[in-house]
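**Student:** The structure that follows is given in the form of structure tokens.
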2 protein chains.
Amino acid sequence: MAIARLHPGLSRPPAPTGGVVPPSHDITDRLVAQLQQTPNPRLREVMIALARHLHQFAIEIELTPQEWEVGIEFLTATGQLSNADRQEFILLSDVLGLSSLVEQIDDRDRRSTESTVLGPFYREHSPRRQAGATIFERPSGTPTRYSGRVLDLDGDPIAGATVDVWQNGADRLYAAQDPSAPPANLRGVFTTDDAGRYCFVGVRPVDYPVPTDGPVGTLLKATSRSEWRAAHIHAIVRADGYRPVTTHLFDDASDHLDSDVVFGVKDSLIKRFIRHETDEGYSVEHDFVLERLL
Amino acid sequence: MAIARLHPGLSRPPAPTGGVVPPSHDITDRLVAQLQQTPNPRLREVMIALARHLHQFAIEIELTPQEWEVGIEFLTATGQLSNADRQEFILLSDVLGLSSLVEQIDDRDRRSTESTVLGPFYREHSPRRQAGATIFERPSGTPTRYSGRVLDLDGDPIAGATVDVWQNGADRLYAAQDPSAPPANLRGVFTTDDAGRYCFVGVRPVDYPVPTDGPVGTLLKATSRSEWRAAHIHAIVRADGYRPVTTHLFDDASDHLDSDVVFGVKDSLIKRFIRHETDEGYSVEHDFVLERLL
């Protein structure tokens with residue numbers, strides 16, 4: 001008792017014995033009270049939900065100062081590794097399922113082609129190419145013809161829609177990852193004709209691991225998770241007056257459809273690739289469906 | 001119905017009309033199932049709690065892809081601004097109350113001096129200085145004598161304890177923020193004598209804003225929050241065989257004790273600074289209390 005009198009700070013009530021930490025609610029309440037002053041109502045809602053979940057997470061697991069330091073170092077390294085050619089935070093969001101979840105939330109009222117994650121390798125301003133052209137600018141894998149239509153919800157063709165595609169080569173790399181590749185290799189933007197048709201020649205998709213030489217790779221290893229993505233080609237389909245869709249087409253021969261590291265696979269996006277009888281190569285057909293903007 | 005037959009992907013059940021997004025639970029469940037394979041039990045527990053809170057946060061606020069992009073950019077910029085002299089992620093954790101919360105969780109069984117946040121300006125290897133020495137190496141504010149003892153829980157002195165202190169000057173800056181300052185300005189490590197006493201001369205603390213020229217400043221402005229910290233001096237007190245404590249002493253004359261941006265203020269750490277009658281300056285006394293390591 002002597003020490004408690006000398007040091008008022010020591011006269012706190014005895015520490016709880018269980019995992020409950022009562023004083024922490026005080027910090028949460030004080031932060032939320034401050035956030036209630038946020039002028040923008042949406043930002044207010046987002047920040048208050050973030051504050052509650054962040055604090056509840058820390059309380060639930062009884063996060064230690066040492067673990068917190070490791071977390072700060074992890075997040076800092078994730079930001080520092082990101083640059084124009086690599087986005088480690090998107091990759092982190094991808095492997096934590098957040099990117100797929102955000103797409104799924106956005107899709108909740110969608111009746112068009114299902115969307116899936118953008119991924120970290122999309123680059124704007126891919127070259128516009130002629131219908132039927134190749135997207136590879138050097139040998140990059142087994143040539144594969146992609147074709148189909150862009151349709152509205154009634155099944156009517158949409159002329160002048162753009163199909164912005166990108167994929168990795170048989171060496172598993174996207175152009176954005178490979179300084180020796182032509183910058184626009186395996187990328188291109190195609191425009192649909194009056195019948196809504198698009199057509200181009202890419203390569204057969206191959207499974208590939210996400211980059212594992214950064215913090216996200218360390219996390220995947222520490223959690224004994226697969227680093228593989230199921231073989232796919234990316235597309236963003238846009239048309240004036242329609243809601244754009246960011247999606248993939250998956251190869252049904254992939255070994256990783258059930259364990260895709262970013263949770264991107266959806267049944268409606270899995271396609272059979274047909275072997276050509278007359279020459280080396282494959283072809284696949286897919287119609288994309290867009291819905292009108294409200 | 002025609003379009004549904006043409007496009008199997010469209011035969012999904014109708015989208016829910018409310019804010020509930022059933023398919024998303026699937027992603028959470030799949031991620032948690034993968035994380036169950038994590039060999040280290042503590043990492044497993046932390047990651048599963050993180051996955052659940054992260055996903056629940058996104059579902060609760062119906063996070064949009066556009067907002068998600070803003071979040072990714074924010075986190076990336078926060079990492080990229082961090083370097084040896086600035087840690088924007090610690091600052092983010094501080095203003096979100098997480099740093100204080102982690103300290104409070106760690107303190108739940110503590111009977112010693114209360115702890116508070118480390119903050120982003122601590123630097124290891126401050127110079128060891130003689131008892132009674134100044135920690136400022138150029139004029140840095142109103143000289144103030146800090147003295148007291150380091151005691152154990154029984155009130156007995158601890159000899160040879162170290163008191164590692166750092167503070168900002170009257171110009172509001174820490175040495176770590178000011179390239180023109182002597183690197184060890186307003187920093188020093190003192191060792192207690194046989195009576196457990198420490199003593200040094202610093203400056204009277206002044207309120208200061210956290211750095212607002214980065215992403216954290218943008219967030220504070222957008223949420224209409226104060227950027228001020230209540231005037232304080234930092235200390236880490238260590239002794240062999242005792243649990244170290246990272247804490248502050250706050251100046252009871254501060255205008256920001258109730259609105260400290262990092263939620264660091266605790267009643268037991270607020271001190272009255274006494275004006276010297278004979279010369280310019282102040283003095284303050286404080287005994288730090290450590291508990292034995294188990």
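Residue numbering restarts at 1 in every chain; chains get A, B, ... in the order shown in the structure tokens, and ligands count up from 1 in that same order.
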Pull out every residue of chain A sitting within 7 Å of chain B, counting only C-alpha atoms, and send them as a ChimeraX atom specification.

**Tutor:** /A:3,8-10,15,21,24,27,31,34-35,37-39,46,49-51,53,55,57,61-65,72,75-80,82,89-90,96-98,101-106,108-109,111-114,153-155,222-225,263,268

**Student:** Calculate how many Å separate atom CA of B:Arg138 from atom CA of B:Ala184, rounding to one decimal.

**Tutor:** 10.5 Å

**Student:** May I ask for the distance between atom CA of B:Val165 and atom CA of B:Pro215, given in Å to one decimal place?

**Tutor:** 28.2 Å

**Student:** Find the residues around A:Ile135 up to 12 Å (only C-alpha atoms counted), leave out those fewer than 5 positions away in its own chain, and share them as a PyMOL selection string.

**Tutor:** chain A and resi 126-130+140-141+143-146+164-169+175+182-190+199-203+233

**Student:** Please, could you write that set of residues out with N, CA, C and O atoms as a compact mmCIF listing (two decimals), in the first residue's frame?

**Tutor:**
```txt
# COMPACT_ATOMS: atom_id res chain seq x y z
N SER A 126 -2.52 0.17 -73.17
CA SER A 126 -2.03 -0.87 -74.06
C SER A 126 -2.33 -0.45 -75.50
O SER A 126 -3.28 0.31 -75.75
N PRO A 127 -1.54 -0.94 -76.46
CA PRO A 127 -1.77 -0.52 -77.85
C PRO A 127 -3.10 -1.02 -78.39
O PRO A 127 -3.52 -2.13 -78.07
N ARG A 128 -3.76 -0.19 -79.17
CA ARG A 128 -4.94 -0.65 -79.90
C ARG A 128 -4.46 -1.50 -81.06
O ARG A 128 -3.56 -1.11 -81.79
N ARG A 129 -5.05 -2.68 -81.20
CA ARG A 129 -4.62 -3.58 -82.26
C ARG A 129 -5.81 -3.93 -83.15
O ARG A 129 -6.96 -3.83 -82.73
N GLN A 130 -5.51 -4.34 -84.39
CA GLN A 130 -6.54 -4.71 -85.35
C GLN A 130 -7.18 -6.04 -84.98
O GLN A 130 -6.52 -6.91 -84.39
N SER A 140 5.96 -16.29 -77.30
CA SER A 140 5.65 -16.17 -75.87
C SER A 140 4.86 -17.36 -75.32
O SER A 140 4.43 -17.33 -74.16
N GLY A 141 4.65 -18.39 -76.16
CA GLY A 141 3.88 -19.53 -75.70
C GLY A 141 3.13 -20.15 -76.86
O GLY A 141 3.41 -19.85 -78.02
N PRO A 143 0.37 -20.44 -79.42
CA PRO A 143 -0.63 -19.48 -79.92
C PRO A 143 -2.06 -19.97 -79.68
O PRO A 143 -2.35 -21.16 -79.86
N THR A 144 -2.90 -19.07 -79.30
CA THR A 144 -4.28 -19.40 -78.96
C THR A 144 -5.20 -18.27 -79.44
O THR A 144 -4.93 -17.10 -79.20
N ARG A 145 -6.25 -18.68 -80.15
CA ARG A 145 -7.18 -17.70 -80.72
C ARG A 145 -8.32 -17.47 -79.74
O ARG A 145 -8.99 -18.41 -79.32
N TYR A 146 -8.49 -16.22 -79.33
CA TYR A 146 -9.59 -15.84 -78.44
C TYR A 146 -10.62 -15.09 -79.27
O TYR A 146 -10.29 -14.12 -79.94
N ASP A 164 -9.84 -4.98 -73.38
CA ASP A 164 -8.45 -4.65 -73.01
C ASP A 164 -7.89 -5.89 -72.32
O ASP A 164 -8.32 -6.24 -71.23
N VAL A 165 -6.94 -6.59 -73.00
CA VAL A 165 -6.48 -7.88 -72.49
C VAL A 165 -4.99 -7.86 -72.14
O VAL A 165 -4.22 -7.10 -72.71
N TRP A 166 -4.62 -8.67 -71.16
CA TRP A 166 -3.20 -8.86 -70.82
C TRP A 166 -3.02 -10.24 -70.19
O TRP A 166 -3.94 -10.77 -69.56
N GLN A 167 -1.87 -10.82 -70.43
CA GLN A 167 -1.61 -12.14 -69.87
C GLN A 167 -0.12 -12.36 -69.72
O GLN A 167 0.70 -11.61 -70.25
N ASN A 168 0.23 -13.39 -68.96
CA ASN A 168 1.63 -13.77 -68.82
C ASN A 168 2.00 -14.75 -69.93
O ASN A 168 1.13 -15.41 -70.51
N GLY A 169 3.30 -14.87 -70.17
CA GLY A 169 3.77 -15.80 -71.19
C GLY A 169 4.06 -17.17 -70.60
O GLY A 169 3.87 -17.41 -69.41
N ALA A 175 4.69 -8.76 -69.06
CA ALA A 175 5.64 -7.77 -69.58
C ALA A 175 6.09 -6.82 -68.46
O ALA A 175 7.26 -6.44 -68.39
N PRO A 182 9.36 -6.78 -74.75
CA PRO A 182 8.78 -5.56 -75.33
C PRO A 182 7.69 -5.07 -74.37
O PRO A 182 6.90 -5.89 -73.88
N PRO A 183 7.65 -3.76 -74.06
CA PRO A 183 6.75 -3.27 -73.01
C PRO A 183 5.28 -3.65 -73.24
O PRO A 183 4.54 -3.84 -72.28
N ALA A 184 4.87 -3.77 -74.50
CA ALA A 184 3.47 -4.07 -74.77
C ALA A 184 3.26 -5.54 -75.11
O ALA A 184 2.22 -5.93 -75.63
N ASN A 185 4.24 -6.37 -74.80
CA ASN A 185 4.09 -7.80 -75.11
C ASN A 185 2.93 -8.39 -74.33
O ASN A 185 2.76 -8.14 -73.14
N LEU A 186 2.11 -9.16 -75.04
CA LEU A 186 0.98 -9.86 -74.42
C LEU A 186 -0.04 -8.89 -73.83
O LEU A 186 -0.70 -9.19 -72.83
N ARG A 187 -0.14 -7.71 -74.44
CA ARG A 187 -1.16 -6.73 -74.06
C ARG A 187 -1.79 -6.16 -75.33
O ARG A 187 -1.11 -6.02 -76.35
N GLY A 188 -3.04 -5.76 -75.27
CA GLY A 188 -3.65 -5.12 -76.43
C GLY A 188 -5.09 -4.74 -76.15
O GLY A 188 -5.74 -5.29 -75.26
N VAL A 189 -5.57 -3.75 -76.91
CA VAL A 189 -6.97 -3.32 -76.80
C VAL A 189 -7.64 -3.57 -78.16
O VAL A 189 -7.13 -3.13 -79.20
N PHE A 190 -8.77 -4.29 -78.14
CA PHE A 190 -9.50 -4.61 -79.36
C PHE A 190 -10.89 -3.99 -79.29
O PHE A 190 -11.45 -3.83 -78.21
N CYS A 199 -11.76 -10.51 -81.66
CA CYS A 199 -10.92 -11.67 -81.97
C CYS A 199 -9.46 -11.25 -81.87
O CYS A 199 -9.09 -10.17 -82.34
N PHE A 200 -8.67 -12.08 -81.24
CA PHE A 200 -7.22 -11.81 -81.20
C PHE A 200 -6.49 -13.12 -80.95
O PHE A 200 -7.09 -14.13 -80.56
N VAL A 201 -5.18 -13.08 -81.16
CA VAL A 201 -4.37 -14.26 -80.92
C VAL A 201 -3.40 -13.98 -79.76
O VAL A 201 -2.58 -13.05 -79.84
N GLY A 202 -3.57 -14.72 -78.70
CA GLY A 202 -2.65 -14.65 -77.56
C GLY A 202 -1.94 -15.97 -77.42
O GLY A 202 -1.65 -16.63 -78.40
N VAL A 203 -1.67 -16.37 -76.18
CA VAL A 203 -1.04 -17.67 -75.93
C VAL A 203 -1.91 -18.46 -74.95
O VAL A 203 -2.79 -17.90 -74.29
N ILE A 233 -6.31 -15.52 -68.53
CA ILE A 233 -6.01 -14.29 -69.25
C ILE A 233 -6.93 -13.21 -68.67
O ILE A 233 -8.07 -13.51 -68.27
```

**Student:** List the spatial neighbours of A:Gln177 as an NGL selection string - criterion: any atom at most 9 Å away, only C-alpha atoms, same-chain residues fewer than 5 positions off excluded.

**Tutor:** :A and (85-86 or 121)

**Student:** Selection from above, N, CA and C atoms, as a PDB file, in the first residue's frame, can you write it?

**Tutor:**
```pdb
ATOM      1  N   ASP A  85       6.296  -0.483 -61.390  1.00  0.00           N
ATOM      2  CA  ASP A  85       6.245  -1.810 -61.993  1.00  0.00           C
ATOM      3  C   ASP A  85       5.816  -2.915 -61.033  1.00  0.00           C
ATOM      4  N   ARG A  86       5.595  -2.572 -59.780  1.00  0.00           N
ATOM      5  CA  ARG A  86       5.248  -3.614 -58.828  1.00  0.00           C
ATOM      6  C   ARG A  86       4.389  -3.005 -57.726  1.00  0.00           C
ATOM      7  N   PHE A 121      -0.691  -6.444 -62.272  1.00  0.00           N
ATOM      8  CA  PHE A 121       0.089  -6.327 -63.502  1.00  0.00           C
ATOM      9  C   PHE A 121      -0.626  -5.594 -64.631  1.00  0.00           C
TER      10      PHE A 121
END
```

**Student:** Please identify which residues in stretch 67-267 of chain B DSSP calls helix (DSSP H, G or I) from the backbone, and express them as a ChimeraX atom specification.

**Tutor:** /B:67-80,88-95,98-109,175-177,215-222,267

**Student:** Calculate how many Å separate atom CA of A:Ala170 from atom CA of A:His256, rounding to one decimal.

**Tutor:**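 Answer for the atom CA of A:Ala170 to atom CA of A:His256 separation: 16.1 Å.
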
**Student:** If you run DSSP on the backbone here, which positions in stretch 194-266 of chain A get strand (DSSP E or B)? Please write them as a short mmCIF file (atom, residue, chain, number, x, y, z; two decimals) with all heavy atoms, in the first residue's frame.

**Tutor:**
```
data_model
loop_
_atom_site.label_atom_id
_atom_site.label_comp_id
_atom_site.auth_asym_id
_atom_site.auth_seq_id
_atom_site.Cartn_x
_atom_site.Cartn_y
_atom_site.Cartn_z
N ARG A 197 -18.43 -8.49 -82.33
CA ARG A 197 -17.38 -9.49 -82.28
C ARG A 197 -16.00 -8.91 -81.97
O ARG A 197 -15.65 -7.83 -82.44
CB ARG A 197 -17.24 -10.19 -83.64
CG ARG A 197 -18.28 -11.20 -83.92
CD ARG A 197 -18.00 -11.85 -85.29
NE ARG A 197 -19.24 -11.99 -86.03
CZ ARG A 197 -20.14 -12.96 -85.80
NH1 ARG A 197 -19.92 -13.86 -84.89
NH2 ARG A 197 -21.25 -13.01 -86.52
N TYR A 198 -15.22 -9.69 -81.21
CA TYR A 198 -13.79 -9.39 -81.01
C TYR A 198 -13.03 -10.66 -81.34
O TYR A 198 -13.59 -11.77 -81.30
CB TYR A 198 -13.49 -8.96 -79.55
CG TYR A 198 -13.58 -10.11 -78.59
CD1 TYR A 198 -12.45 -10.90 -78.29
CD2 TYR A 198 -14.79 -10.46 -78.01
CE1 TYR A 198 -12.54 -11.99 -77.43
CE2 TYR A 198 -14.89 -11.54 -77.14
CZ TYR A 198 -13.76 -12.31 -76.86
OH TYR A 198 -13.86 -13.38 -76.03
N CYS A 199 -11.76 -10.51 -81.66
CA CYS A 199 -10.92 -11.67 -81.97
C CYS A 199 -9.46 -11.25 -81.87
O CYS A 199 -9.09 -10.17 -82.34
CB CYS A 199 -11.23 -12.17 -83.40
SG CYS A 199 -10.14 -13.52 -83.91
N PHE A 200 -8.67 -12.08 -81.24
CA PHE A 200 -7.22 -11.81 -81.20
C PHE A 200 -6.49 -13.12 -80.95
O PHE A 200 -7.09 -14.13 -80.56
CB PHE A 200 -6.85 -10.76 -80.14
CG PHE A 200 -7.16 -11.19 -78.73
CD1 PHE A 200 -6.20 -11.84 -77.95
CD2 PHE A 200 -8.41 -10.93 -78.17
CE1 PHE A 200 -6.48 -12.23 -76.64
CE2 PHE A 200 -8.70 -11.32 -76.85
CZ PHE A 200 -7.74 -11.97 -76.10
N VAL A 201 -5.18 -13.08 -81.16
CA VAL A 201 -4.37 -14.26 -80.92
C VAL A 201 -3.40 -13.98 -79.76
O VAL A 201 -2.58 -13.05 -79.84
CB VAL A 201 -3.58 -14.68 -82.18
CG1 VAL A 201 -2.73 -15.92 -81.89
CG2 VAL A 201 -4.55 -14.96 -83.33
N GLY A 202 -3.57 -14.72 -78.70
CA GLY A 202 -2.65 -14.65 -77.56
C GLY A 202 -1.94 -15.97 -77.42
O GLY A 202 -1.65 -16.63 -78.40
N VAL A 203 -1.67 -16.37 -76.18
CA VAL A 203 -1.04 -17.67 -75.93
C VAL A 203 -1.91 -18.46 -74.95
O VAL A 203 -2.79 -17.90 -74.29
CB VAL A 203 0.40 -17.53 -75.38
CG1 VAL A 203 1.29 -16.81 -76.39
CG2 VAL A 203 0.41 -16.81 -74.02
N TYR A 208 1.00 -19.71 -62.73
CA TYR A 208 2.23 -19.02 -62.31
C TYR A 208 2.16 -18.66 -60.84
O TYR A 208 1.08 -18.48 -60.30
CB TYR A 208 2.48 -17.76 -63.17
CG TYR A 208 1.45 -16.67 -63.01
CD1 TYR A 208 1.62 -15.67 -62.05
CD2 TYR A 208 0.33 -16.61 -63.82
CE1 TYR A 208 0.68 -14.66 -61.90
CE2 TYR A 208 -0.62 -15.60 -63.68
CZ TYR A 208 -0.43 -14.62 -62.72
OH TYR A 208 -1.35 -13.63 -62.57
N PRO A 209 3.33 -18.59 -60.20
CA PRO A 209 3.34 -18.16 -58.80
C PRO A 209 3.31 -16.64 -58.71
O PRO A 209 3.88 -15.96 -59.56
CB PRO A 209 4.68 -18.70 -58.28
CG PRO A 209 5.56 -18.72 -59.49
CD PRO A 209 4.67 -18.93 -60.69
N TRP A 228 0.42 -20.22 -55.98
CA TRP A 228 0.05 -20.37 -57.38
C TRP A 228 -1.27 -19.72 -57.74
O TRP A 228 -2.24 -19.81 -56.99
CB TRP A 228 0.01 -21.85 -57.76
CG TRP A 228 1.39 -22.43 -57.82
CD1 TRP A 228 2.07 -22.98 -56.79
CD2 TRP A 228 2.25 -22.45 -58.96
NE1 TRP A 228 3.32 -23.36 -57.21
CE2 TRP A 228 3.47 -23.06 -58.53
CE3 TRP A 228 2.12 -22.04 -60.29
CZ2 TRP A 228 4.55 -23.25 -59.40
CZ3 TRP A 228 3.20 -22.24 -61.15
CH2 TRP A 228 4.39 -22.83 -60.71
N ARG A 229 -1.26 -19.10 -58.90
CA ARG A 229 -2.50 -18.63 -59.52
C ARG A 229 -2.89 -19.62 -60.61
O ARG A 229 -2.04 -20.11 -61.36
CB ARG A 229 -2.30 -17.25 -60.15
CG ARG A 229 -2.12 -16.15 -59.09
CD ARG A 229 -3.04 -14.99 -59.38
NE ARG A 229 -4.41 -15.46 -59.50
CZ ARG A 229 -5.36 -14.86 -60.18
NH1 ARG A 229 -5.10 -13.75 -60.85
NH2 ARG A 229 -6.59 -15.34 -60.23
N HIS A 232 -4.82 -18.14 -66.48
CA HIS A 232 -5.91 -17.26 -66.91
C HIS A 232 -5.38 -16.18 -67.84
O HIS A 232 -4.17 -15.94 -67.92
CB HIS A 232 -6.56 -16.58 -65.69
CG HIS A 232 -5.59 -15.74 -64.93
ND1 HIS A 232 -4.81 -16.25 -63.92
CD2 HIS A 232 -5.24 -14.42 -65.04
CE1 HIS A 232 -4.03 -15.29 -63.43
NE2 HIS A 232 -4.26 -14.18 -64.10
N ILE A 233 -6.31 -15.52 -68.53
CA ILE A 233 -6.01 -14.29 -69.25
C ILE A 233 -6.93 -13.21 -68.67
O ILE A 233 -8.07 -13.51 -68.27
CB ILE A 233 -6.21 -14.46 -70.78
CG1 ILE A 233 -5.85 -13.16 -71.51
CG2 ILE A 233 -7.64 -14.90 -71.12
CD1 ILE A 233 -5.78 -13.31 -73.04
N HIS A 234 -6.41 -11.99 -68.55
CA HIS A 234 -7.20 -10.88 -68.00
C HIS A 234 -7.93 -10.11 -69.10
O HIS A 234 -7.41 -10.00 -70.22
CB HIS A 234 -6.29 -9.84 -67.33
CG HIS A 234 -5.55 -10.32 -66.14
ND1 HIS A 234 -5.94 -10.03 -64.86
CD2 HIS A 234 -4.41 -11.05 -66.02
CE1 HIS A 234 -5.07 -10.55 -64.00
NE2 HIS A 234 -4.13 -11.18 -64.67
N ALA A 235 -9.07 -9.53 -68.76
CA ALA A 235 -9.76 -8.62 -69.68
C ALA A 235 -10.52 -7.56 -68.90
O ALA A 235 -11.11 -7.85 -67.85
CB ALA A 235 -10.73 -9.39 -70.58
N ILE A 236 -10.46 -6.34 -69.40
CA ILE A 236 -11.40 -5.30 -68.96
C ILE A 236 -12.24 -4.96 -70.18
O ILE A 236 -11.70 -4.60 -71.23
CB ILE A 236 -10.68 -4.03 -68.46
CG1 ILE A 236 -9.80 -4.36 -67.24
CG2 ILE A 236 -11.72 -2.96 -68.06
CD1 ILE A 236 -9.00 -3.15 -66.72
N VAL A 237 -13.56 -5.12 -70.07
CA VAL A 237 -14.46 -4.87 -71.19
C VAL A 237 -15.25 -3.61 -70.89
O VAL A 237 -15.86 -3.49 -69.81
CB VAL A 237 -15.41 -6.06 -71.42
CG1 VAL A 237 -16.25 -5.84 -72.67
CG2 VAL A 237 -14.59 -7.36 -71.53
N ARG A 238 -15.20 -2.67 -71.83
CA ARG A 238 -15.85 -1.37 -71.63
C ARG A 238 -16.69 -1.02 -72.85
O ARG A 238 -16.34 -1.37 -73.98
CB ARG A 238 -14.82 -0.24 -71.47
CG ARG A 238 -13.84 -0.39 -70.32
CD ARG A 238 -12.89 0.83 -70.34
NE ARG A 238 -11.96 0.84 -69.21
CZ ARG A 238 -10.74 0.31 -69.21
NH1 ARG A 238 -10.28 -0.31 -70.30
NH2 ARG A 238 -9.97 0.39 -68.14
N TYR A 242 -22.32 1.60 -70.68
CA TYR A 242 -22.39 0.32 -69.97
C TYR A 242 -21.41 0.31 -68.80
O TYR A 242 -20.38 0.99 -68.83
CB TYR A 242 -22.08 -0.85 -70.91
CG TYR A 242 -23.14 -1.05 -71.96
CD1 TYR A 242 -23.11 -0.31 -73.14
CD2 TYR A 242 -24.19 -1.96 -71.76
CE1 TYR A 242 -24.09 -0.47 -74.10
CE2 TYR A 242 -25.17 -2.12 -72.72
CZ TYR A 242 -25.13 -1.38 -73.88
OH TYR A 242 -26.11 -1.53 -74.83
N VAL A 245 -16.52 -4.18 -66.95
CA VAL A 245 -16.27 -5.37 -66.15
C VAL A 245 -14.79 -5.76 -66.23
O VAL A 245 -14.20 -5.78 -67.33
CB VAL A 245 -17.20 -6.54 -66.54
CG1 VAL A 245 -16.95 -7.00 -67.97
CG2 VAL A 245 -17.05 -7.71 -65.58
N THR A 246 -14.19 -6.00 -65.07
CA THR A 246 -12.80 -6.45 -64.97
C THR A 246 -12.83 -7.92 -64.61
O THR A 246 -13.37 -8.30 -63.57
CB THR A 246 -12.08 -5.66 -63.85
OG1 THR A 246 -12.09 -4.27 -64.17
CG2 THR A 246 -10.64 -6.15 -63.67
N THR A 247 -12.29 -8.75 -65.50
CA THR A 247 -12.49 -10.18 -65.28
C THR A 247 -11.30 -11.01 -65.79
O THR A 247 -10.28 -10.46 -66.22
CB THR A 247 -13.84 -10.62 -65.91
OG1 THR A 247 -14.16 -11.92 -65.46
CG2 THR A 247 -13.80 -10.56 -67.42
N HIS A 248 -11.41 -12.31 -65.67
CA HIS A 248 -10.44 -13.27 -66.22
C HIS A 248 -11.22 -14.30 -67.02
O HIS A 248 -12.40 -14.51 -66.79
CB HIS A 248 -9.77 -14.12 -65.13
CG HIS A 248 -8.88 -13.44 -64.16
ND1 HIS A 248 -8.68 -12.09 -64.07
CD2 HIS A 248 -8.09 -14.00 -63.18
CE1 HIS A 248 -7.81 -11.84 -63.07
NE2 HIS A 248 -7.45 -12.98 -62.52
N LEU A 249 -10.50 -15.02 -67.91
CA LEU A 249 -10.96 -16.33 -68.38
C LEU A 249 -9.95 -17.35 -67.88
O LEU A 249 -8.74 -17.18 -68.08
CB LEU A 249 -11.03 -16.37 -69.92
CG LEU A 249 -11.98 -15.37 -70.57
CD1 LEU A 249 -11.96 -15.55 -72.09
CD2 LEU A 249 -13.39 -15.52 -70.02
N PHE A 250 -10.44 -18.38 -67.18
CA PHE A 250 -9.56 -19.41 -66.63
C PHE A 250 -9.52 -20.62 -67.55
O PHE A 250 -10.51 -20.96 -68.20
CB PHE A 250 -10.06 -19.86 -65.25
CG PHE A 250 -9.89 -18.81 -64.19
CD1 PHE A 250 -10.93 -17.92 -63.91
CD2 PHE A 250 -8.71 -18.69 -63.49
CE1 PHE A 250 -10.78 -16.95 -62.93
CE2 PHE A 250 -8.55 -17.72 -62.52
CZ PHE A 250 -9.59 -16.84 -62.24
N ASP A 251 -8.38 -21.28 -67.55
CA ASP A 251 -8.17 -22.48 -68.36
C ASP A 251 -8.61 -23.69 -67.53
O ASP A 251 -8.05 -23.93 -66.45
CB ASP A 251 -6.67 -22.57 -68.70
CG ASP A 251 -6.36 -23.68 -69.69
OD1 ASP A 251 -7.09 -24.70 -69.70
OD2 ASP A 251 -5.38 -23.53 -70.43
#
```

**Student:** Between B:Pro179, B:Gly241, B:Gly281, B:Gly217, which has the minimum distance to B:Ala159 (counting only C-alpha atoms)?

**Tutor:**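 Under the stated criterion, the closest residue is B:Gly241.
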